[in-house]
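Engineer: Okay, handing you the structure first.
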Number of protein chains: 2
Amino acid sequence: MEFQVTFQVNQKIFLRNPESSEVGRHIVKSAIDLIFELGFEHFTFKKLAVEVGTTEATVYRYFENKHRLLLYILNWYWSYMEFLVMFRLQNVTDNHVKLKTIIELLTHDLPESAGRLDYNKKYLNQIVISESSKVYFVKEVKEINKDEVFKPYKDLCSKIAGVISAYNPDYSYPRSLSSTLIETAHYQQFFSSYLPKLTDITSENHKEFTAVFLENLLFRVLG
Amino acid sequence: MEFQVTFQVNQKIFLRNPESSEVGRHIVKSAIDLIFELGFEHFTFKKLAVEVGTTEATVYRYFENKHRLLLYILNWYWSYMEFLVMFRLQNVTDNHVKLKTIIELLTHDLPESAGRLDYNKKYLNQIVISESSKVYFVKEVKEINKDEVFKPYKDLCSKIAGVISAYNPDYSYPRSLSSTLIETAHYQQFFSSYLPKLTDITSENHKEFTAVFLENLLFRVLG
DNA sequence: TCTATAATAATAGTATTACTATCATAAAAT
DNA sequence: ATTTTATGATAGTAATACTATTATTATAGA
């Protein structure tokens with residue numbers, strides 16, 4: 001059986017829906033490759049246009065600027081992650097197993113999807129780790145937030161918080177703990193790769209180290 | 001009694017020591033004001049030069065680029081924070097009190113120092129919260145790290161990890177927990193201010209909320 | 001099949017950013 | 001008194017982050 005999962009990303013993030021055309025899809029796919037390769041600071045629409053084989057003007061018809069494009073990519077990621085959490089928790093009754101599954105999902109690459117959108121999942125994962133904080137740590141966050149562009153992140157956070165509360169209804173900070181899990185999953189992987197003295201990593205398996213650290217933390221906190 | 005605490009910031013961060021001249025000190029002070037006001041992305045050396053009443057060329061004689069200047073500010077912050085931790089833990093024997101003091105320091109504005117450097121502590125604190133991750137979430141992190149520019153961060157992390165281990169010698173991840181405390185102190189404050197649905201804040205006191213959340217988390221983790 | 005309507009390519013242009021270079025002058029050190 | 005050093009003034013360049021115009025192509029509807 002073949003099936004496709006699609007999410008409608010918030011209209012306000014793009015000027016023209018990139019999923020509606022070949023060029024549009026190519027733009028997002030190449031953006032993921034380029035942001036991974038160059039880092040967000042060195043990534044430009046000019047370079048992207050060259051990579052796609054189109055012009056800057058065309059890219060600008062889809063996205064207002066590179067910040068919005070990154071936001072688009074992350075919205076896609078957060079939505080997909082929320083779907084994966086929901087999907088993988090289907091029919092699981094044990095809340096302990098649920099939380100372990102969530103940590104596994106947060107700390108490992110996305111599974112390859114069969115769909116039309118074959119984004120490079122390794123690159124996407126690295127972008128989420130290294131670049132995602134740049135979409136909210138900006139002076140304009142209040143303005144941007146009004147467009148509800150962080151809704152998928154909040155939904156994901158909320159879903160995980162729900163499981164936390166189910167596991168321990170007396171715990172007072174399910175949302176903060178949930179966002180802490182998500183963020184910590186990112187920078188502990190980053191730190192263990194590039195600034196290992198900020199962590200206790202011993203082997204080379206950054207994802208596994210992060211998962212084990214988070215699991216330990218989570219279940220100590222929740223009892 | 002008047003006294004001054006100074007830290008020698010790593011030579012490799014600057015081209016000319018900004019503390020060695022009036023203009024240099026003015027540059028750093030104004031940089032803190034401007035980065036706070038504009039956000040790091042909109043902050044430029046041109047704007048800084050105008051603010052200081054000097055030229056771009058002069059600013060470039062002190063710092064290679066704005067990334068290095070931010071790094072300088074954070075090195076100063078991390079060093080000062082490590083000093084404060086050391087200072088405030090003097091003569092405290094109870095490890096529980098030590099950890100509470102550390103969380104208090106991590107989540108609140110720096111105390112005003114009597115010294116020559118009267119950086120705006122409120123602005124500095126906001127910069128640490130919103131901009132600090134931008135110094136390491138860059139493609140060049142490996143190269144930059146070779147200059148030991150993250151040493152003060154690692155030292156601070158290590159100092160806190162030491163207290164964690166003293167409190168609970170059996171805990172396996174003192175460094176990771178330490179960096180998690182530091183980072184979480186930042187973005188829980190940020191989230192509770194701008195994206196409150198990612199947290200469990202109820203009042204308006206972001207610093208207090210973050211402190212209480214972190215304390216709860218820390219002592220549950222360490223038992 | 002013709003025609004209206006999008007979307008794109010090609011091209012140009014602007015303001016700002018992120019620098020580098022030169023040279024004269026002022027201040028500090030020897 | 002003279003050398004060194006820092007700064008100011010000025011200029012200039014390549015890249016970035018856009019906006020605008022027009023011709024061409026693809027598509028969808030009549």
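We name chains A, B, ... following the order of the structure tokens; residues begin at 1 in each chain, and ligands are numbered from 1 as shown.
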Compute the chain D side of the contact with chain A at 9 Å, counting only C-alpha atoms (C1' of nucleotides), and hand it back as a PyMOL selection string.

Structural biologist: chain D and resi 16-18

Engineer: What does the file look like for those residues with N, CA, C and O atoms (P, O5', C5', C4', C3', O3' and C1' of nucleotides), as a compact mmCIF listing (two decimals), in the first residue's frame?

Structural biologist:
# COMPACT_ATOMS: atom_id res chain seq x y z
P DT D 16 26.72 36.73 -0.90
O5' DT D 16 25.63 37.73 -0.31
C5' DT D 16 25.85 38.32 0.96
C4' DT D 16 24.70 39.27 1.26
C3' DT D 16 23.31 38.64 1.08
O3' DT D 16 22.62 38.85 2.29
C1' DT D 16 23.44 40.73 -0.01
P DA D 17 21.26 38.11 2.64
O5' DA D 17 20.17 39.20 2.29
C5' DA D 17 20.14 40.43 3.00
C4' DA D 17 19.10 41.31 2.35
C3' DA D 17 17.82 40.56 1.95
O3' DA D 17 16.69 41.38 2.23
C1' DA D 17 18.67 41.66 0.11
P DC D 18 15.27 40.73 2.39
O5' DC D 18 14.92 40.31 0.89
C5' DC D 18 13.90 40.93 0.14
C4' DC D 18 14.35 42.27 -0.43
C3' DC D 18 13.41 42.77 -1.50
O3' DC D 18 12.39 43.56 -0.92
C1' DC D 18 15.70 43.11 -2.11

Engineer: Chain C residues within 12 Å of chain B, counting only C-alpha atoms (C1' of nucleotides): which ones, as a list in words?

Structural biologist: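 The selection requested is DT16, DT17, DA18, DC19, DT20, DA21 and DT22 of chain C.
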
Engineer: Where does chain B meet chain A within 7 Å, residue by residue, with the nearest atom pair and distance in Å to one decimal for each, counting only C-alpha atoms, listed by chain and rising number, as CSV?

Structural biologist:
residue,atom,partner,partner_atom,distance
B:Leu38,CA,A:Lys139,CA,6.9
B:Gly39,CA,A:Lys139,CA,5.3
B:Ser130,CA,A:Phe137,CA,5.4
B:Glu131,CA,A:Phe137,CA,6.8
B:Phe137,CA,A:Ser130,CA,5.4
B:Val138,CA,A:Gly39,CA,6.5
B:Lys139,CA,A:Gly39,CA,5.3
B:Lys142,CA,A:Tyr194,CA,6.4
B:Lys154,CA,A:Leu198,CA,6.0
B:Cys157,CA,A:Leu198,CA,6.5
B:Tyr173,CA,A:Asp200,CA,5.6
B:Arg175,CA,A:Thr199,CA,4.8
B:Ser176,CA,A:Thr199,CA,4.1
B:Ser179,CA,A:Leu198,CA,6.0
B:Thr180,CA,A:Thr184,CA,6.7
B:Thr184,CA,A:Thr180,CA,6.7
B:Tyr194,CA,A:Lys142,CA,6.4
B:Lys197,CA,A:Lys154,CA,6.4
B:Leu198,CA,A:Arg175,CA,5.6
B:Thr199,CA,A:Ser176,CA,4.1
B:Asp200,CA,A:Tyr173,CA,5.6
B:Leu217,CA,A:Val221,CA,6.0
B:Arg220,CA,A:Val221,CA,4.9
B:Val221,CA,A:Arg220,CA,4.9

Engineer: Write the selection just made, keeping N, CA and C atoms, as a compact mmCIF listing (two decimals), in the first residue's frame?

Structural biologist:
# COMPACT_ATOMS: atom_id res chain seq x y z
N LEU B 38 18.41 46.46 18.63
CA LEU B 38 18.13 46.08 17.24
C LEU B 38 18.01 44.57 17.03
N GLY B 39 18.57 43.80 17.93
CA GLY B 39 18.74 42.37 17.67
C GLY B 39 20.01 42.17 16.86
N SER B 130 18.76 35.91 24.34
CA SER B 130 18.28 35.84 22.95
C SER B 130 19.36 35.60 21.91
N GLU B 131 20.59 35.96 22.21
CA GLU B 131 21.61 35.93 21.15
C GLU B 131 22.73 34.92 21.38
N PHE B 137 25.98 28.14 17.21
CA PHE B 137 25.22 27.50 16.13
C PHE B 137 25.62 28.05 14.77
N VAL B 138 26.88 27.97 14.46
CA VAL B 138 27.37 28.43 13.16
C VAL B 138 28.19 27.31 12.52
N LYS B 139 28.26 27.37 11.20
CA LYS B 139 28.97 26.33 10.45
C LYS B 139 30.44 26.24 10.84
N LYS B 142 33.70 24.49 14.58
CA LYS B 142 34.91 23.69 14.83
C LYS B 142 36.16 24.56 14.77
N LYS B 154 32.79 26.64 29.01
CA LYS B 154 33.11 25.29 29.49
C LYS B 154 33.51 25.32 30.96
N CYS B 157 30.39 25.81 33.01
CA CYS B 157 29.66 24.53 32.99
C CYS B 157 30.32 23.53 33.93
N TYR B 173 25.50 12.32 34.69
CA TYR B 173 25.58 13.33 33.62
C TYR B 173 25.70 14.76 34.17
N ARG B 175 27.81 17.22 33.61
CA ARG B 175 28.08 18.28 32.64
C ARG B 175 26.87 18.54 31.76
N SER B 176 26.28 17.49 31.25
CA SER B 176 25.10 17.68 30.41
C SER B 176 23.97 18.36 31.20
N SER B 179 24.96 22.09 31.46
CA SER B 179 24.69 22.88 30.25
C SER B 179 23.19 22.99 30.00
N THR B 180 22.45 21.95 30.38
CA THR B 180 20.99 22.01 30.24
C THR B 180 20.41 23.09 31.14
N THR B 184 18.56 26.08 29.45
CA THR B 184 17.13 26.13 29.79
C THR B 184 16.79 27.42 30.52
N TYR B 194 7.65 35.34 25.24
CA TYR B 194 7.16 35.54 23.87
C TYR B 194 6.31 34.39 23.32
N LYS B 197 2.90 29.59 25.50
CA LYS B 197 2.27 28.26 25.41
C LYS B 197 3.29 27.13 25.43
N LEU B 198 4.55 27.48 25.24
CA LEU B 198 5.59 26.46 25.33
C LEU B 198 6.04 26.27 26.78
N THR B 199 5.39 26.99 27.69
CA THR B 199 5.75 26.89 29.11
C THR B 199 4.48 26.78 29.95
N ASP B 200 4.67 26.76 31.25
CA ASP B 200 3.54 26.70 32.17
C ASP B 200 3.45 27.96 33.01
N LEU B 217 13.07 20.84 38.72
CA LEU B 217 13.68 19.85 37.82
C LEU B 217 14.99 19.32 38.38
N ARG B 220 14.59 17.08 41.51
CA ARG B 220 13.97 15.80 41.17
C ARG B 220 15.00 14.90 40.48
N VAL B 221 15.78 15.51 39.58
CA VAL B 221 16.78 14.71 38.87
C VAL B 221 17.84 14.17 39.84

Engineer: For Tyr62 of chain A, work out the shell of residues within 8 Å, counting only C-alpha atoms (C1' of nucleotides) and skipping chain neighbours fewer than 6 positions away, then give it as a list in words.

Structural biologist: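 Residues meeting the cut-off are Phe14, Leu15, Arg16, Asn17, Pro18 and Gly24 of chain A.
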
Engineer: Quick one: residues within 12 Å of Glu112 of chain B, only C-alpha atoms (C1' of nucleotides), excluding same-chain residues fewer than 4 positions away - as a list in words?

Structural biologist: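 Those residues are Gln4, Tyr80, Leu84, His108, Arg116, Leu117, Asp118, Tyr119, Asn120, Lys121, Lys122, Leu124 and Asn125 of chain B.
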
Engineer: Just want the 10 Å neighbourhood of segment 4-13 of chain C, counted on only C-alpha atoms (C1' of nucleotides), with same-chain residues fewer than 3 positions away dropped. Output as a tab-separated table (two decimals) with all heavy atoms, in the first residue's frame.

Structural biologist:
chain	number	residue	atom	x	y	z
A	21	SER	N	3.96	23.73	-7.25
A	21	SER	CA	4.66	23.66	-8.54
A	21	SER	C	5.97	22.91	-8.42
A	21	SER	O	6.51	22.73	-7.32
A	21	SER	CB	4.94	25.08	-9.07
A	21	SER	OG	6.03	25.64	-8.35
A	23	VAL	N	8.95	23.93	-9.60
A	23	VAL	CA	9.99	24.87	-9.14
A	23	VAL	C	9.90	25.07	-7.64
A	23	VAL	O	10.91	25.05	-6.95
A	23	VAL	CB	9.84	26.26	-9.79
A	23	VAL	CG1	11.19	26.95	-9.87
A	23	VAL	CG2	9.17	26.19	-11.12
A	54	THR	N	17.22	28.64	-11.43
A	54	THR	CA	16.20	29.64	-11.70
A	54	THR	C	16.78	31.01	-11.29
A	54	THR	O	17.99	31.15	-11.17
A	54	THR	CB	14.89	29.34	-10.94
A	54	THR	OG1	13.91	30.30	-11.26
A	54	THR	CG2	15.11	29.33	-9.44
A	55	THR	N	15.92	31.98	-11.12
A	55	THR	CA	16.41	33.32	-10.78
A	55	THR	C	15.96	33.72	-9.38
A	55	THR	O	15.00	33.17	-8.84
A	55	THR	CB	15.87	34.36	-11.77
A	55	THR	OG1	14.44	34.38	-11.68
A	55	THR	CG2	16.29	34.04	-13.18
A	57	ALA	N	14.42	36.35	-8.55
A	57	ALA	CA	13.05	36.87	-8.63
A	57	ALA	C	12.02	35.76	-8.40
A	57	ALA	O	11.04	35.96	-7.69
A	57	ALA	CB	12.83	37.54	-9.97
A	58	THR	N	12.27	34.61	-8.98
A	58	THR	CA	11.34	33.49	-8.81
A	58	THR	C	11.28	33.03	-7.36
A	58	THR	O	10.21	32.80	-6.81
A	58	THR	CB	11.75	32.31	-9.73
A	58	THR	OG1	11.64	32.76	-11.09
A	58	THR	CG2	10.85	31.11	-9.53
A	61	ARG	N	9.25	35.14	-5.31
A	61	ARG	CA	7.80	35.03	-5.50
A	61	ARG	C	7.19	33.98	-4.56
A	61	ARG	O	6.00	34.02	-4.29
A	61	ARG	CB	7.50	34.69	-6.96
A	61	ARG	CG	7.02	35.90	-7.72
A	61	ARG	CD	6.71	35.56	-9.16
A	61	ARG	NE	7.45	36.46	-10.03
A	61	ARG	CZ	8.44	36.11	-10.82
A	61	ARG	NH1	8.83	34.84	-10.89
A	61	ARG	NH2	9.06	37.00	-11.56
D	19	DT	P	10.95	43.54	-1.59
D	19	DT	OP1	10.02	44.21	-0.65
D	19	DT	OP2	10.68	42.18	-2.11
D	19	DT	O5'	11.15	44.47	-2.87
D	19	DT	C5'	11.68	45.77	-2.75
D	19	DT	C4'	11.61	46.45	-4.09
D	19	DT	O4'	12.68	45.96	-4.94
D	19	DT	C3'	10.30	46.19	-4.86
D	19	DT	O3'	9.82	47.43	-5.35
D	19	DT	C2'	10.70	45.24	-5.96
D	19	DT	C1'	12.16	45.59	-6.19
D	19	DT	N1	13.01	44.47	-6.68
D	19	DT	C2	13.79	44.67	-7.79
D	19	DT	O2	13.83	45.70	-8.41
D	19	DT	N3	14.54	43.58	-8.17
D	19	DT	C4	14.58	42.34	-7.54
D	19	DT	O4	15.29	41.45	-7.97
D	19	DT	C5	13.73	42.21	-6.37
D	19	DT	C7	13.71	40.91	-5.62
D	19	DT	C6	13.00	43.26	-6.00
D	20	DA	P	8.48	47.46	-6.23
D	20	DA	OP1	7.81	48.75	-5.97
D	20	DA	OP2	7.73	46.19	-6.08
D	20	DA	O5'	9.04	47.50	-7.71
D	20	DA	C5'	10.06	48.43	-8.08
D	20	DA	C4'	10.29	48.30	-9.57
D	20	DA	O4'	11.22	47.21	-9.81
D	20	DA	C3'	9.03	47.98	-10.36
D	20	DA	O3'	8.88	48.94	-11.39
D	20	DA	C2'	9.24	46.57	-10.89
D	20	DA	C1'	10.76	46.43	-10.89
D	20	DA	N9	11.23	45.06	-10.66
D	20	DA	C8	10.85	44.19	-9.66
D	20	DA	N7	11.45	43.03	-9.72
D	20	DA	C5	12.28	43.13	-10.83
D	20	DA	C6	13.18	42.23	-11.42
D	20	DA	N6	13.40	41.00	-10.96
D	20	DA	N1	13.84	42.64	-12.52
D	20	DA	C2	13.62	43.88	-12.99
D	20	DA	N3	12.80	44.82	-12.51
D	20	DA	C4	12.16	44.37	-11.42
D	21	DT	P	7.75	48.78	-12.50
D	21	DT	OP1	7.42	50.15	-12.94
D	21	DT	OP2	6.69	47.86	-12.03
D	21	DT	O5'	8.53	48.06	-13.68
D	21	DT	C5'	9.73	48.64	-14.21
D	21	DT	C4'	10.07	47.93	-15.50
D	21	DT	O4'	10.67	46.64	-15.18
D	21	DT	C3'	8.85	47.62	-16.38
D	21	DT	O3'	9.16	47.99	-17.72
D	21	DT	C2'	8.63	46.12	-16.21
D	21	DT	C1'	10.04	45.62	-15.94
D	21	DT	N1	10.13	44.36	-15.13
D	21	DT	C2	11.04	43.41	-15.51
D	21	DT	O2	11.79	43.54	-16.46
D	21	DT	N3	11.06	42.28	-14.71
D	21	DT	C4	10.27	42.03	-13.61
D	21	DT	O4	10.40	40.99	-12.99
D	21	DT	C5	9.32	43.07	-13.27
D	21	DT	C7	8.42	42.87	-12.11
D	21	DT	C6	9.30	44.17	-14.04
D	22	DT	P	7.97	48.03	-18.82
D	22	DT	OP1	8.16	49.28	-19.58
D	22	DT	OP2	6.67	47.71	-18.18
D	22	DT	O5'	8.39	46.81	-19.75
D	22	DT	C5'	9.76	46.61	-20.08
D	22	DT	C4'	9.94	45.19	-20.59
D	22	DT	O4'	10.01	44.27	-19.48
D	22	DT	C3'	8.80	44.69	-21.49
D	22	DT	O3'	9.34	44.12	-22.66
D	22	DT	C2'	8.11	43.64	-20.62
D	22	DT	C1'	9.31	43.10	-19.85
D	22	DT	N1	8.98	42.32	-18.62
D	22	DT	C2	9.69	41.17	-18.37
D	22	DT	O2	10.57	40.75	-19.10
D	22	DT	N3	9.33	40.49	-17.22
D	22	DT	C4	8.34	40.87	-16.33
D	22	DT	O4	8.11	40.18	-15.34
D	22	DT	C5	7.63	42.09	-16.64
D	22	DT	C7	6.53	42.56	-15.75
D	22	DT	C6	7.98	42.75	-17.76
D	23	DA	P	8.39	43.80	-23.90
D	23	DA	OP1	8.64	44.84	-24.91
D	23	DA	OP2	7.01	43.52	-23.44
D	23	DA	O5'	9.04	42.43	-24.41
D	23	DA	C5'	10.42	42.18	-24.24
D	23	DA	C4'	10.62	40.68	-24.11
D	23	DA	O4'	10.24	40.24	-22.79
D	23	DA	C3'	9.78	39.85	-25.10
D	23	DA	O3'	10.62	38.83	-25.63
D	23	DA	C2'	8.65	39.28	-24.24
D	23	DA	C1'	9.32	39.16	-22.88
D	23	DA	N9	8.40	39.28	-21.73
D	23	DA	C8	7.50	40.29	-21.48
D	23	DA	N7	6.83	40.14	-20.36
D	23	DA	C5	7.33	38.96	-19.84
D	23	DA	C6	7.02	38.25	-18.66
D	23	DA	N6	6.11	38.64	-17.77
D	23	DA	N1	7.70	37.10	-18.45
D	23	DA	C2	8.60	36.70	-19.34
D	23	DA	N3	8.98	37.28	-20.48
D	23	DA	C4	8.29	38.42	-20.68
D	24	DT	P	10.05	37.81	-26.77
D	24	DT	OP1	11.18	37.51	-27.67
D	24	DT	OP2	8.76	38.33	-27.31
D	24	DT	O5'	9.75	36.50	-25.92
D	24	DT	C5'	10.80	35.89	-25.16
D	24	DT	C4'	10.21	34.79	-24.30
D	24	DT	O4'	9.31	35.34	-23.31
D	24	DT	C3'	9.41	33.73	-25.08
D	24	DT	O3'	9.97	32.48	-24.78
D	24	DT	C2'	7.98	33.89	-24.53
D	24	DT	C1'	8.25	34.42	-23.12
D	24	DT	N1	7.13	35.14	-22.43
D	24	DT	C2	6.70	34.65	-21.22
D	24	DT	O2	7.16	33.66	-20.68
D	24	DT	N3	5.68	35.37	-20.64
D	24	DT	C4	5.07	36.51	-21.14
D	24	DT	O4	4.18	37.07	-20.52
D	24	DT	C5	5.58	36.96	-22.42
D	24	DT	C7	4.99	38.18	-23.06
D	24	DT	C6	6.57	36.26	-23.01
D	25	DT	P	9.76	31.21	-25.77
D	25	DT	OP1	11.08	30.62	-26.03
D	25	DT	OP2	8.88	31.63	-26.88
D	25	DT	O5'	8.95	30.22	-24.80
D	25	DT	C5'	9.48	29.93	-23.51
D	25	DT	C4'	8.34	29.55	-22.59
D	25	DT	O4'	7.46	30.66	-22.35
D	25	DT	C3'	7.44	28.42	-23.12
D	25	DT	O3'	7.65	27.31	-22.27
D	25	DT	C2'	6.03	29.00	-23.05
D	25	DT	C1'	6.19	30.14	-22.06
D	25	DT	N1	5.20	31.27	-22.12
D	25	DT	C2	4.40	31.50	-21.02
D	25	DT	O2	4.44	30.84	-20.02
D	25	DT	N3	3.54	32.57	-21.16
D	25	DT	C4	3.41	33.41	-22.26
D	25	DT	O4	2.61	34.32	-22.26
D	25	DT	C5	4.29	33.09	-23.37
D	25	DT	C7	4.23	33.94	-24.60
D	25	DT	C6	5.13	32.05	-23.25
D	26	DA	P	7.17	25.83	-22.68
D	26	DA	OP1	8.24	24.89	-22.30
D	26	DA	OP2	6.61	25.83	-24.05
D	26	DA	O5'	5.97	25.63	-21.65
D	26	DA	C5'	6.21	25.82	-20.26
D	26	DA	C4'	4.88	25.98	-19.55
D	26	DA	O4'	4.26	27.22	-19.94
D	26	DA	C3'	3.87	24.87	-19.85
D	26	DA	O3'	3.51	24.31	-18.60
D	26	DA	C2'	2.72	25.58	-20.57
D	26	DA	C1'	2.87	27.02	-20.08
D	26	DA	N9	2.40	28.07	-20.97
D	26	DA	C8	2.81	28.32	-22.25
D	26	DA	N7	2.24	29.38	-22.81
D	26	DA	C5	1.39	29.85	-21.81
D	26	DA	C6	0.51	30.94	-21.76
D	26	DA	N6	0.31	31.79	-22.77
D	26	DA	N1	-0.18	31.13	-20.62
D	26	DA	C2	0.01	30.28	-19.60
D	26	DA	N3	0.81	29.23	-19.52
D	26	DA	C4	1.48	29.06	-20.68
D	27	DT	P	2.60	22.99	-18.51
D	27	DT	OP1	3.02	22.26	-17.32
D	27	DT	OP2	2.52	22.33	-19.84
D	27	DT	O5'	1.17	23.65	-18.23
D	27	DT	C5'	1.05	24.65	-17.21
D	27	DT	C4'	-0.39	25.13	-17.16
D	27	DT	O4'	-0.56	26.22	-18.09
D	27	DT	C3'	-1.39	24.04	-17.57
D	27	DT	O3'	-2.12	23.63	-16.41
D	27	DT	C2'	-2.18	24.65	-18.73
D	27	DT	C1'	-1.85	26.14	-18.66
D	27	DT	N1	-1.78	26.88	-19.96
D	27	DT	C2	-2.47	28.06	-20.12
D	27	DT	O2	-3.15	28.54	-19.25
D	27	DT	N3	-2.34	28.66	-21.34
D	27	DT	C4	-1.59	28.20	-22.42
D	27	DT	O4	-1.55	28.83	-23.47
D	27	DT	C5	-0.89	26.96	-22.20
D	27	DT	C7	-0.06	26.37	-23.32
D	27	DT	C6	-1.01	26.35	-20.99
D	28	DA	P	-3.65	23.41	-16.29
D	28	DA	OP1	-3.95	23.13	-14.88
D	28	DA	OP2	-4.13	22.50	-17.36
D	28	DA	O5'	-4.15	24.89	-16.67
D	28	DA	C5'	-4.60	25.78	-15.66
D	28	DA	C4'	-5.94	26.36	-16.11
D	28	DA	O4'	-5.78	26.92	-17.45
D	28	DA	C3'	-7.09	25.36	-16.17
D	28	DA	O3'	-8.22	25.99	-15.57
D	28	DA	C2'	-7.25	25.06	-17.67
D	28	DA	C1'	-6.74	26.36	-18.33
D	28	DA	N9	-6.07	26.20	-19.63
D	28	DA	C8	-5.28	25.16	-20.04
D	28	DA	N7	-4.79	25.31	-21.25
D	28	DA	C5	-5.30	26.54	-21.66
D	28	DA	C6	-5.16	27.28	-22.86
D	28	DA	N6	-4.43	26.88	-23.90
D	28	DA	N1	-5.78	28.46	-22.93
D	28	DA	C2	-6.51	28.88	-21.89
D	28	DA	N3	-6.71	28.27	-20.71
D	28	DA	C4	-6.09	27.10	-20.68
D	29	DG	P	-9.66	25.42	-15.65
D	29	DG	OP1	-10.31	25.76	-14.37
D	29	DG	OP2	-9.66	24.03	-16.18
D	29	DG	O5'	-10.27	26.38	-16.76
D	29	DG	C5'	-10.19	27.80	-16.58
D	29	DG	C4'	-10.94	28.51	-17.68
D	29	DG	O4'	-10.24	28.37	-18.94
D	29	DG	C3'	-12.36	28.00	-17.93
D	29	DG	O3'	-13.19	29.14	-18.18
D	29	DG	C2'	-12.22	27.10	-19.16
D	29	DG	C1'	-11.09	27.80	-19.92
D	29	DG	N9	-10.23	26.92	-20.74
D	29	DG	C8	-9.73	25.68	-20.40
D	29	DG	N7	-8.98	25.16	-21.34
D	29	DG	C5	-8.98	26.12	-22.36
D	29	DG	C6	-8.34	26.11	-23.63
D	29	DG	O6	-7.62	25.25	-24.12
D	29	DG	N1	-8.62	27.29	-24.35
D	29	DG	C2	-9.40	28.32	-23.89
D	29	DG	N2	-9.55	29.35	-24.72
D	29	DG	N3	-10.01	28.34	-22.70
D	29	DG	C4	-9.75	27.20	-22.00
D	30	DA	P	-14.69	29.02	-18.58
D	30	DA	OP1	-15.38	30.12	-17.87
D	30	DA	OP2	-15.18	27.63	-18.43
D	30	DA	O5'	-14.64	29.37	-20.13
D	30	DA	C5'	-14.23	30.67	-20.55
D	30	DA	C4'	-14.51	30.82	-22.05
D	30	DA	O4'	-13.59	29.96	-22.78
D	30	DA	C3'	-15.92	30.41	-22.47
D	30	DA	O3'	-16.46	31.40	-23.34
D	30	DA	C2'	-15.76	29.07	-23.18
D	30	DA	C1'	-14.31	29.11	-23.66
D	30	DA	N9	-13.62	27.80	-23.61
D	30	DA	C8	-13.67	26.87	-22.62
D	30	DA	N7	-12.93	25.80	-22.84
D	30	DA	C5	-12.36	26.06	-24.07
D	30	DA	C6	-11.47	25.32	-24.88
D	30	DA	N6	-10.99	24.12	-24.53
D	30	DA	N1	-11.09	25.86	-26.06
D	30	DA	C2	-11.57	27.06	-26.40
D	30	DA	N3	-12.40	27.86	-25.72
D	30	DA	C4	-12.76	27.28	-24.57
